[in-house]
>>> print(open('start.pdb').read())   # PDB, C-alpha atoms
ATOM      1  CA  MET A   1     142.547 113.505  87.989
ATOM      2  CA  SER A   2     139.470 115.279  86.724
ATOM      3  CA  THR A   3     138.699 118.866  87.616
ATOM      4  CA  GLY A   4     135.860 120.815  89.071
ATOM      5  CA  GLN A   5     132.477 119.257  88.067
ATOM      6  CA  ARG A   6     130.662 119.207  91.396
ATOM      7  CA  THR A   7     127.676 117.435  92.919
ATOM      8  CA  GLY A   8     127.195 119.214  96.221
ATOM      9  CA  SER A   9     130.607 118.968  97.848
ATOM     10  CA  ILE A  10     131.661 115.988  95.739
ATOM     11  CA  GLU A  11     133.498 116.246  92.434
ATOM     12  CA  VAL A  12     134.099 113.787  89.617
ATOM     13  CA  ARG A  13     137.640 113.301  90.918
ATOM     14  CA  HIS A  14     136.247 111.708  94.097
ATOM     15  CA  LEU A  15     134.476 109.048  92.044
ATOM     16  CA  ARG A  16     137.536 108.441  89.868
ATOM     17  CA  ALA A  17     139.703 108.011  92.954
ATOM     18  CA  PHE A  18     137.295 105.529  94.525
ATOM     19  CA  LEU A  19     137.034 103.499  91.300
ATOM     20  CA  ALA A  20     140.815 103.418  90.956
ATOM     21  CA  ILE A  21     141.101 102.082  94.513
ATOM     22  CA  ALA A  22     138.399  99.504  93.852
ATOM     23  CA  ASP A  23     140.036  98.352  90.622
ATOM     24  CA  GLU A  24     143.613  98.310  91.904
ATOM     25  CA  GLY A  25     142.900  96.992  95.400
ATOM     26  CA  SER A  26     145.481  99.401  96.766
ATOM     27  CA  VAL A  27     145.669 103.101  97.551
ATOM     28  CA  THR A  28     149.310 103.134  96.438
ATOM     29  CA  ARG A  29     148.578 101.592  93.039
ATOM     30  CA  ALA A  30     145.534 103.826  92.631
ATOM     31  CA  ALA A  31     147.744 106.872  93.231
ATOM     32  CA  THR A  32     150.200 105.652  90.596
ATOM     33  CA  ARG A  33     147.379 105.103  88.124
ATOM     34  CA  LEU A  34     145.956 108.580  88.764
ATOM     35  CA  ARG A  35     149.411 110.192  88.818
ATOM     36  CA  VAL A  36     148.949 111.795  92.209
ATOM     37  CA  THR A  37     150.394 111.094  95.634
ATOM     38  CA  GLN A  38     149.080 108.460  98.030
ATOM     39  CA  PRO A  39     147.989 111.040 100.655
ATOM     40  CA  VAL A  40     145.910 112.841  98.022
ATOM     41  CA  VAL A  41     144.047 109.622  97.171
ATOM     42  CA  SER A  42     143.516 108.815 100.865
ATOM     43  CA  ARG A  43     142.114 112.287 101.559
ATOM     44  CA  THR A  44     139.868 112.122  98.504
ATOM     45  CA  LEU A  45     138.456 108.772  99.600
ATOM     46  CA  ALA A  46     137.929 110.031 103.154
ATOM     47  CA  ALA A  47     136.048 113.074 101.843
ATOM     48  CA  LEU A  48     133.783 110.871  99.730
ATOM     49  CA  GLU A  49     133.034 108.562 102.654
ATOM     50  CA  LYS A  50     132.302 111.541 104.904
ATOM     51  CA  HIS A  51     129.912 112.980 102.328
ATOM     52  CA  LEU A  52     128.073 109.653 101.952
ATOM     53  CA  GLY A  53     128.137 108.878 105.640
ATOM     54  CA  VAL A  54     129.315 105.295 105.081
ATOM     55  CA  ARG A  55     132.612 103.423 104.972
ATOM     56  CA  LEU A  56     133.342 102.307 101.416
ATOM     57  CA  VAL A  57     136.706 100.616 101.952
ATOM     58  CA  ASP A  58     137.709  98.219 104.712
ATOM     59  CA  ARG A  59     141.206  99.142 105.884
ATOM     60  CA  SER A  60     141.304  96.707 108.823
ATOM     61  CA  THR A  61     143.334  94.050 107.027
ATOM     62  CA  HIS A  62     146.540  93.997 105.000
ATOM     63  CA  HIS A  63     144.486  93.452 101.851
ATOM     64  CA  LEU A  64     142.208  96.360 101.037
ATOM     65  CA  ALA A  65     138.607  95.305 100.355
ATOM     66  CA  LEU A  66     135.354  97.062  99.612
ATOM     67  CA  THR A  67     132.654  97.058 102.265
ATOM     68  CA  PRO A  68     129.151  95.936 101.211
ATOM     69  CA  GLU A  69     128.299  99.630 100.831
ATOM     70  CA  GLY A  70     131.416 100.060  98.703
ATOM     71  CA  VAL A  71     130.431  97.193  96.434
ATOM     72  CA  ALA A  72     126.986  98.709  95.927
ATOM     73  CA  PHE A  73     128.407 102.186  95.342
ATOM     74  CA  ARG A  74     131.004 100.941  92.853
ATOM     75  CA  ASP A  75     128.425 100.221  90.157
ATOM     76  CA  LYS A  76     126.745 103.588  90.706
ATOM     77  CA  ALA A  77     130.053 105.447  90.525
ATOM     78  CA  ALA A  78     131.090 103.563  87.397
ATOM     79  CA  ALA A  79     127.780 104.348  85.696
ATOM     80  CA  ALA A  80     128.083 108.022  86.609
ATOM     81  CA  ILE A  81     131.627 108.276  85.261
ATOM     82  CA  ALA A  82     130.697 106.411  82.083
ATOM     83  CA  ALA A  83     127.796 108.795  81.473
ATOM     84  CA  PHE A  84     130.016 111.810  82.181
ATOM     85  CA  ASP A  85     132.758 110.649  79.800
ATOM     86  CA  GLU A  86     130.192 109.714  77.170
ATOM     87  CA  ALA A  87     128.612 113.159  77.291
ATOM     88  CA  LEU A  88     131.972 114.895  76.832
ATOM     89  CA  ASP A  89     133.255 112.666  74.015
ATOM     90  CA  PRO A  90     133.349 114.968  70.966
ATOM     91  CA  GLY A  91     133.436 111.996  68.607
ATOM     92  CA  ARG A  92     129.954 110.936  69.742
ATOM     93  CA  LEU A  93     128.178 114.257  69.638
ATOM     94  CA  ARG A  94     126.966 113.816  66.065
ATOM     95  CA  ASP A  95     126.069 110.082  66.164
ATOM     96  CA  TRP A  96     125.048 108.916  69.618
ATOM     97  CA  PRO A  97     125.386 105.114  69.408
ATOM     98  CA  LEU A  98     123.025 102.804  71.231
ATOM     99  CA  ARG A  99     125.148 100.249  73.089
ATOM    100  CA  LEU A 100     123.536  96.829  73.563
ATOM    101  CA  GLY A 101     125.371  94.455  75.875
ATOM    102  CA  HIS A 102     125.254  90.686  76.194
ATOM    103  CA  ALA A 103     127.336  88.126  78.046
ATOM    104  CA  TRP A 104     126.694  85.227  75.661
ATOM    105  CA  SER A 105     124.464  84.268  72.727
ATOM    106  CA  ALA A 106     123.242  87.856  72.173
ATOM    107  CA  PHE A 107     119.676  87.757  70.743
ATOM    108  CA  GLY A 108     120.013  84.143  69.646
ATOM    109  CA  PRO A 109     118.679  83.491  66.117
ATOM    110  CA  TYR A 110     117.276  87.018  66.037
ATOM    111  CA  THR A 111     120.667  88.710  66.373
ATOM    112  CA  THR A 112     121.305  89.267  62.671
ATOM    113  CA  PRO A 113     117.721  90.367  61.866
ATOM    114  CA  LEU A 114     117.876  92.837  64.746
ATOM    115  CA  LEU A 115     121.155  94.389  63.628
ATOM    116  CA  ARG A 116     120.226  94.528  59.940
ATOM    117  CA  THR A 117     116.727  95.918  60.457
ATOM    118  CA  TRP A 118     118.011  98.531  62.895
ATOM    119  CA  GLN A 119     120.618  99.697  60.399
ATOM    120  CA  GLN A 120     117.968 100.000  57.679
ATOM    121  CA  ARG A 121     115.472 101.913  59.818
ATOM    122  CA  HIS A 122     117.729 103.976  62.058
ATOM    123  CA  PRO A 123     121.011 104.627  60.234
ATOM    124  CA  GLU A 124     121.455 107.853  62.215
ATOM    125  CA  THR A 125     121.859 105.862  65.458
ATOM    126  CA  PRO A 126     124.520 103.138  65.293
ATOM    127  CA  LEU A 127     123.619 100.007  67.269
ATOM    128  CA  GLU A 128     126.738  98.584  68.925
ATOM    129  CA  LEU A 129     126.522  94.973  70.154
ATOM    130  CA  LEU A 130     129.072  94.451  72.935
ATOM    131  CA  ARG A 131     129.951  91.219  74.711
ATOM    132  CA  ILE A 132     130.791  91.915  78.357
ATOM    133  CA  ASP A 133     131.410  89.054  80.790
ATOM    134  CA  ASP A 134     129.271  90.309  83.638
ATOM    135  CA  ARG A 135     125.895  89.228  85.059
ATOM    136  CA  THR A 136     124.263  92.362  83.645
ATOM    137  CA  ALA A 137     126.564  92.597  80.591
ATOM    138  CA  GLY A 138     127.934  95.958  81.713
ATOM    139  CA  LEU A 139     124.537  97.559  82.292
ATOM    140  CA  THR A 140     124.918  98.390  85.991
ATOM    141  CA  ARG A 141     128.371  99.836  85.337
ATOM    142  CA  GLY A 142     127.098 102.166  82.647
ATOM    143  CA  GLU A 143     129.105 100.479  79.889
ATOM    144  CA  VAL A 144     125.958  99.867  77.820
ATOM    145  CA  ASP A 145     122.521 101.425  77.455
ATOM    146  CA  ALA A 146     120.599  98.145  77.406
ATOM    147  CA  ALA A 147     121.430  94.464  77.688
ATOM    148  CA  LEU A 148     120.164  91.096  76.523
ATOM    149  CA  LEU A 149     120.207  88.839  79.577
ATOM    150  CA  ARG A 150     119.163  85.268  80.328
ATOM    151  CA  GLY A 151     117.596  83.855  83.438
ATOM    152  CA  PRO A 152     116.178  85.748  86.404
ATOM    153  CA  VAL A 153     117.789  89.109  87.143
ATOM    154  CA  SER A 154     117.352  90.558  90.614
ATOM    155  CA  THR A 155     119.823  93.441  90.382
ATOM    156  CA  PRO A 156     118.274  96.572  91.912
ATOM    157  CA  GLY A 157     117.653  99.537  89.629
ATOM    158  CA  LEU A 158     116.991  97.550  86.448
ATOM    159  CA  VAL A 159     113.820  97.254  84.403
ATOM    160  CA  THR A 160     113.453  94.006  82.448
ATOM    161  CA  GLU A 161     111.104  92.650  79.818
ATOM    162  CA  VAL A 162     110.894  88.997  78.736
ATOM    163  CA  LEU A 163     111.202  88.891  74.950
ATOM    164  CA  PHE A 164     111.043  85.125  74.477
ATOM    165  CA  THR A 165     111.967  81.851  76.113
ATOM    166  CA  GLU A 166     114.239  79.185  74.727
ATOM    167  CA  VAL A 167     114.548  75.487  75.459
ATOM    168  CA  ARG A 168     117.554  74.330  77.439
ATOM    169  CA  VAL A 169     120.151  71.922  76.153
ATOM    170  CA  ALA A 170     122.951  69.908  77.694
ATOM    171  CA  ALA A 171     126.473  70.596  76.477
ATOM    172  CA  VAL A 172     128.625  67.469  76.625
ATOM    173  CA  ALA A 173     132.006  66.360  75.318
ATOM    174  CA  ALA A 174     131.654  65.364  71.669
ATOM    175  CA  ASP A 175     133.565  62.118  72.234
ATOM    176  CA  GLY A 176     131.739  61.174  75.445
ATOM    177  CA  PRO A 177     128.930  58.618  75.924
ATOM    178  CA  LEU A 178     126.209  61.247  76.442
ATOM    179  CA  ALA A 179     126.870  62.778  73.013
ATOM    180  CA  THR A 180     125.227  59.818  71.267
ATOM    181  CA  ARG A 181     121.902  60.215  73.076
ATOM    182  CA  ALA A 182     118.885  61.707  71.291
ATOM    183  CA  SER A 183     117.912  63.554  74.464
ATOM    184  CA  LEU A 184     118.903  63.756  78.115
ATOM    185  CA  SER A 185     117.366  64.511  81.494
ATOM    186  CA  LEU A 186     118.867  66.590  84.287
ATOM    187  CA  ALA A 187     119.457  63.377  86.228
ATOM    188  CA  ASP A 188     121.686  62.110  83.411
ATOM    189  CA  LEU A 189     124.129  64.917  84.183
ATOM    190  CA  THR A 190     124.539  64.269  87.899
ATOM    191  CA  GLY A 191     127.021  61.406  87.696
ATOM    192  CA  GLY A 192     129.967  63.697  87.016
ATOM    193  CA  ALA A 193     130.879  67.356  87.310
ATOM    194  CA  VAL A 194     128.761  70.178  85.951
ATOM    195  CA  VAL A 195     130.584  73.254  84.621
ATOM    196  CA  LEU A 196     129.035  76.500  85.889
ATOM    197  CA  ASN A 197     129.741  79.992  84.593
ATOM    198  CA  THR A 198     129.390  81.822  87.898
ATOM    199  CA  VAL A 199     130.048  85.284  86.439
ATOM    200  CA  SER A 200     127.475  85.596  83.665
ATOM    201  CA  GLY A 201     125.811  82.199  83.321
ATOM    202  CA  ALA A 202     122.170  81.429  84.081
ATOM    203  CA  THR A 203     122.624  77.858  85.362
ATOM    204  CA  THR A 204     122.988  77.145  89.076
ATOM    205  CA  LEU A 205     122.618  74.035  91.213
ATOM    206  CA  ASP A 206     119.062  75.180  91.937
ATOM    207  CA  LEU A 207     118.142  73.744  88.536
ATOM    208  CA  TRP A 208     118.315  70.275  90.152
ATOM    209  CA  PRO A 209     116.186  69.031  93.079
ATOM    210  CA  PRO A 210     118.015  69.430  96.430
ATOM    211  CA  GLY A 211     118.485  65.701  96.874
ATOM    212  CA  ALA A 212     119.586  64.973  93.317
ATOM    213  CA  ARG A 213     122.235  67.505  92.486
ATOM    214  CA  PRO A 214     125.463  66.855  90.529
ATOM    215  CA  ALA A 215     128.296  65.072  92.274
ATOM    216  CA  ALA A 216     130.698  67.952  91.675
ATOM    217  CA  THR A 217     130.962  71.370  90.038
ATOM    218  CA  LEU A 218     133.649  73.225  88.131
ATOM    219  CA  THR A 219     133.351  77.016  88.004
ATOM    220  CA  VAL A 220     134.492  79.245  85.153
ATOM    221  CA  ALA A 221     134.129  82.951  84.388
ATOM    222  CA  ASN A 222     132.997  83.121  80.761
ATOM    223  CA  THR A 223     131.505  81.157  77.882
ATOM    224  CA  ASP A 224     134.850  80.468  76.208
ATOM    225  CA  ASP A 225     136.260  78.787  79.319
ATOM    226  CA  TRP A 226     132.942  76.947  79.780
ATOM    227  CA  LEU A 227     133.196  75.432  76.302
ATOM    228  CA  THR A 228     136.867  74.575  76.725
ATOM    229  CA  ALA A 229     136.251  72.716  79.984
ATOM    230  CA  ILE A 230     133.367  70.707  78.497
ATOM    231  CA  ALA A 231     135.325  69.828  75.356
ATOM    232  CA  ALA A 232     138.184  68.608  77.558
ATOM    233  CA  GLY A 233     135.821  66.215  79.321
ATOM    234  CA  ARG A 234     136.036  67.971  82.673
ATOM    235  CA  GLY A 235     132.261  68.133  83.006
ATOM    236  CA  CYS A 236     129.019  68.868  81.194
ATOM    237  CA  GLY A 237     126.939  72.031  81.103
ATOM    238  CA  VAL A 238     123.418  73.372  80.665
ATOM    239  CA  SER A 239     122.481  76.374  78.569
ATOM    240  CA  GLY A 240     119.835  77.742  76.251
ATOM    241  CA  ASN A 241     119.443  76.522  72.690
ATOM    242  CA  SER A 242     120.810  79.823  71.391
ATOM    243  CA  THR A 243     124.196  78.780  72.740
ATOM    244  CA  ALA A 244     124.210  75.810  70.372
ATOM    245  CA  GLN A 245     123.572  78.157  67.465
ATOM    246  CA  MET A 246     125.808  81.061  68.493
ATOM    247  CA  HIS A 247     128.687  79.101  70.045
ATOM    248  CA  PRO A 248     129.356  75.930  68.018
ATOM    249  CA  HIS A 249     132.455  74.034  69.154
ATOM    250  CA  ALA A 250     134.104  71.028  67.518
ATOM    251  CA  GLY A 251     134.611  69.376  70.894
ATOM    252  CA  VAL A 252     131.109  69.982  72.250
ATOM    253  CA  THR A 253     127.788  68.350  71.357
ATOM    254  CA  TYR A 254     124.503  69.955  72.368
ATOM    255  CA  VAL A 255     121.733  67.519  73.330
ATOM    256  CA  PRO A 256     118.094  68.464  74.121
ATOM    257  CA  LEU A 257     117.077  68.335  77.787
ATOM    258  CA  ASP A 258     113.647  66.825  78.319
ATOM    259  CA  ASP A 259     112.860  68.079  81.812
ATOM    260  CA  ALA A 260     114.598  71.442  82.184
ATOM    261  CA  PRO A 261     112.429  74.570  82.415
ATOM    262  CA  PRO A 262     112.688  77.079  79.555
ATOM    263  CA  LEU A 263     115.183  79.923  79.819
ATOM    264  CA  PRO A 264     113.799  83.480  79.580
ATOM    265  CA  VAL A 265     115.644  86.002  77.417
ATOM    266  CA  LEU A 266     115.281  89.539  78.738
ATOM    267  CA  LEU A 267     115.826  93.047  77.474
ATOM    268  CA  ALA A 268     117.085  95.090  80.418
ATOM    269  CA  ARG A 269     117.722  98.787  80.956
ATOM    270  CA  ARG A 270     118.421 101.004  83.929
ATOM    271  CA  ASP A 271     115.411 102.488  85.694
ATOM    272  CA  GLY A 272     115.383 106.181  84.836
ATOM    273  CA  PRO A 273     116.326 108.386  81.894
ATOM    274  CA  GLY A 274     118.374 106.621  79.245
ATOM    275  CA  HIS A 275     119.242 106.665  75.572
ATOM    276  CA  PRO A 276     116.328 108.201  73.624
ATOM    277  CA  ALA A 277     116.358 105.284  71.162
ATOM    278  CA  LEU A 278     115.649 102.631  73.824
ATOM    279  CA  PRO A 279     111.871 102.518  73.148
ATOM    280  CA  ARG A 280     112.568 101.928  69.446
ATOM    281  CA  LEU A 281     114.976  99.106  70.296
ATOM    282  CA  ALA A 282     112.401  97.375  72.502
ATOM    283  CA  GLU A 283     109.717  97.805  69.839
ATOM    284  CA  LEU A 284     111.916  96.310  67.120
ATOM    285  CA  ALA A 285     112.973  93.391  69.323
ATOM    286  CA  ARG A 286     109.333  92.542  70.014
ATOM    287  CA  GLU A 287     108.467  92.864  66.329
ATOM    288  CA  ILE A 288     111.232  90.479  65.218
ATOM    289  CA  VAL A 289     110.271  87.837  67.790
ATOM    290  CA  ALA A 290     106.564  88.102  66.937
ATOM    291  CA  ARG A 291     107.272  87.798  63.218
ATOM    292  CA  ALA A 292     109.380  84.680  63.707
ATOM    293  CA  GLN A 293     106.778  83.077  65.940
ATOM    294  CA  ARG A 294     104.066  83.715  63.353
ATOM    295  CA  GLU A 295     106.196  82.044  60.715
ATOM    296  CA  ARG A 296     106.969  79.076  62.964
ATOM    297  CA  PRO A 297     103.890  78.571  65.151
ATOM    298  CA  GLY A 298     104.349  76.299  68.138
ATOM    299  CA  ASN A 299     108.138  76.401  67.868
ATOM    300  CA  SER A 300     109.967  76.935  71.151
ATOM    301  CA  VAL A 301     112.453  79.618  70.341
ATOM    302  CA  GLY A 302     116.140  78.886  70.574
TER     303      GLY A 302
END
>>> encode(input="start.pdb", output="structure tokens")
Amino acid sequence: MSTGQRTGSIEVRHLRAFLAIADEGSVTRAATRLRVTQPVVSRTLAALEKHLGVRLVDRSTHHLALTPEGVAFRDKAAAAIAAFDEALDPGRLRDWPLRLGHAWSAFGPYTTPLLRTWQQRHPETPLELLRIDDRTAGLTRGEVDAALLRGPVSTPGLVTEVLFTEVRVAAVAADGPLATRASLSLADLTGGAVVLNTVSGATTLDLWPPGARPAATLTVANTDDWLTAIAAGRGCGVSGNSTAQMHPHAGVTYVPLDDAPPLPVLLARRDGPGHPALPRLAELAREIVARAQRERPGNSVG
């Protein structure tokens, strides 16, 4: 475990112990992972809870679980540890990369222009595009400095800016009857199952009126599984038009949706001090979108 960096009476090792418990779901496995004894991990957790004045872990059942306070603290602890490790990584002292997360479709059609223009203008600061299957694409955990997100984001502690909106499309099995249609409505999708990415997706049943929702749902955890389920005919899906461009699939046909509201694409960062290049990233993202919209006036971005 880590040594002596202190915040009041709490050290980095307290956060590492808590995160190990949260990840492993067991004090015993956490101790094995940290290469210490189980009593040491238990005492470390107890000290952290005493310092915070809240219970982080529910020990009342056979299966260890985080309390609501523990769930909220987990993201904060992970972000703190990530920042600590990042600061002490000697390989990053010369070139401090700017990490940009996304869960799917990145910056849509603007992804390549963003990466190329950034490299030309700011070669001293590498821009790393990272796909992380998480609602905030790793932002709340401190795995990235900023994230490209879709749909409304209500996570506390984040600052978001809408960069553009894109039309929504239906994703249907390529050999199914809906694939031959020129366009579809939300009602056309309610006869069978709808595949929902409940981890990082932006589509929920709230997209449909309460009395006209799909007959069934199938939940998945990432875009790859979402595409696989649709191609197999297990259901259809709804996404932004960027998905059609960034995630083509031989077994999936994307069809325009006539009555679905547009999907906002956001640039998100944590509220507070961050990577010094974040303002330049936001400025470039706005510039690329504005340039494309001038060249294609009236076009709904996808």
>>> resolve_selection(input="start.pdb", expression="the PyMOL selection byres ((chain A and resi 203) around 10)", output="ChimeraX atom specification")
/A:150-151,194-198,200-202,204-208,237-240,263
>>> atom_distance(input="start.pdb", atom1="CA of Leu218 in chain A", atom2="CA of Gly191 in chain A")
13.6 Å
>>> resolve_selection(input="start.pdb", expression="the PyMOL selection byres ((chain A and resi 141) around 7)", output="list in words")
Asp75, Lys76, Ala78, Ala79, Gly138, Leu139, Thr140, Gly142 and Glu143 of chain A
>>> closest_residue(input="start.pdb", among="A:His51, A:Arg59, A:His249, A:Arg35", to="Ile10 in chain A", atoms="all atoms listed in the file")
A:His51
>>> closest_residue(input="start.pdb", among="A:Asp258, A:Glu124, A:Asp225, A:Asp58", to="Val71 in chain A", atoms="only C-alpha atoms")
A:Asp58
>>> atom_distance(input="start.pdb", atom1="CA of Ile230 in chain A", atom2="CA of Val252 in chain A")
6.7 Å
>>> residues_around(input="start.pdb", residues="Thr111 in chain A", least_positions_apart="5", cutoff="10 Å", atoms="only C-alpha atoms", output="list in words")
Ser105, Ala106, Arg116, Leu129, Met246, Ala285 and Ile288 of chain A
>>> residues_around(input="start.pdb", residues="Arg55 in chain A", least_positions_apart="3", cutoff="8 Å", atoms="only C-alpha atoms", output="VMD selection string")
chain A and resid 49 58 67 69 to 70
>>> atom_distance(input="start.pdb", atom1="CA of Val153 in chain A", atom2="CA of Ala216 in chain A")
25.2 Å
>>> closest_residue(input="start.pdb", among="A:Leu114, A:Leu266, A:Leu178, A:Ala173", to="Thr228 in chain A", atoms="only C-alpha atoms")
A:Ala173
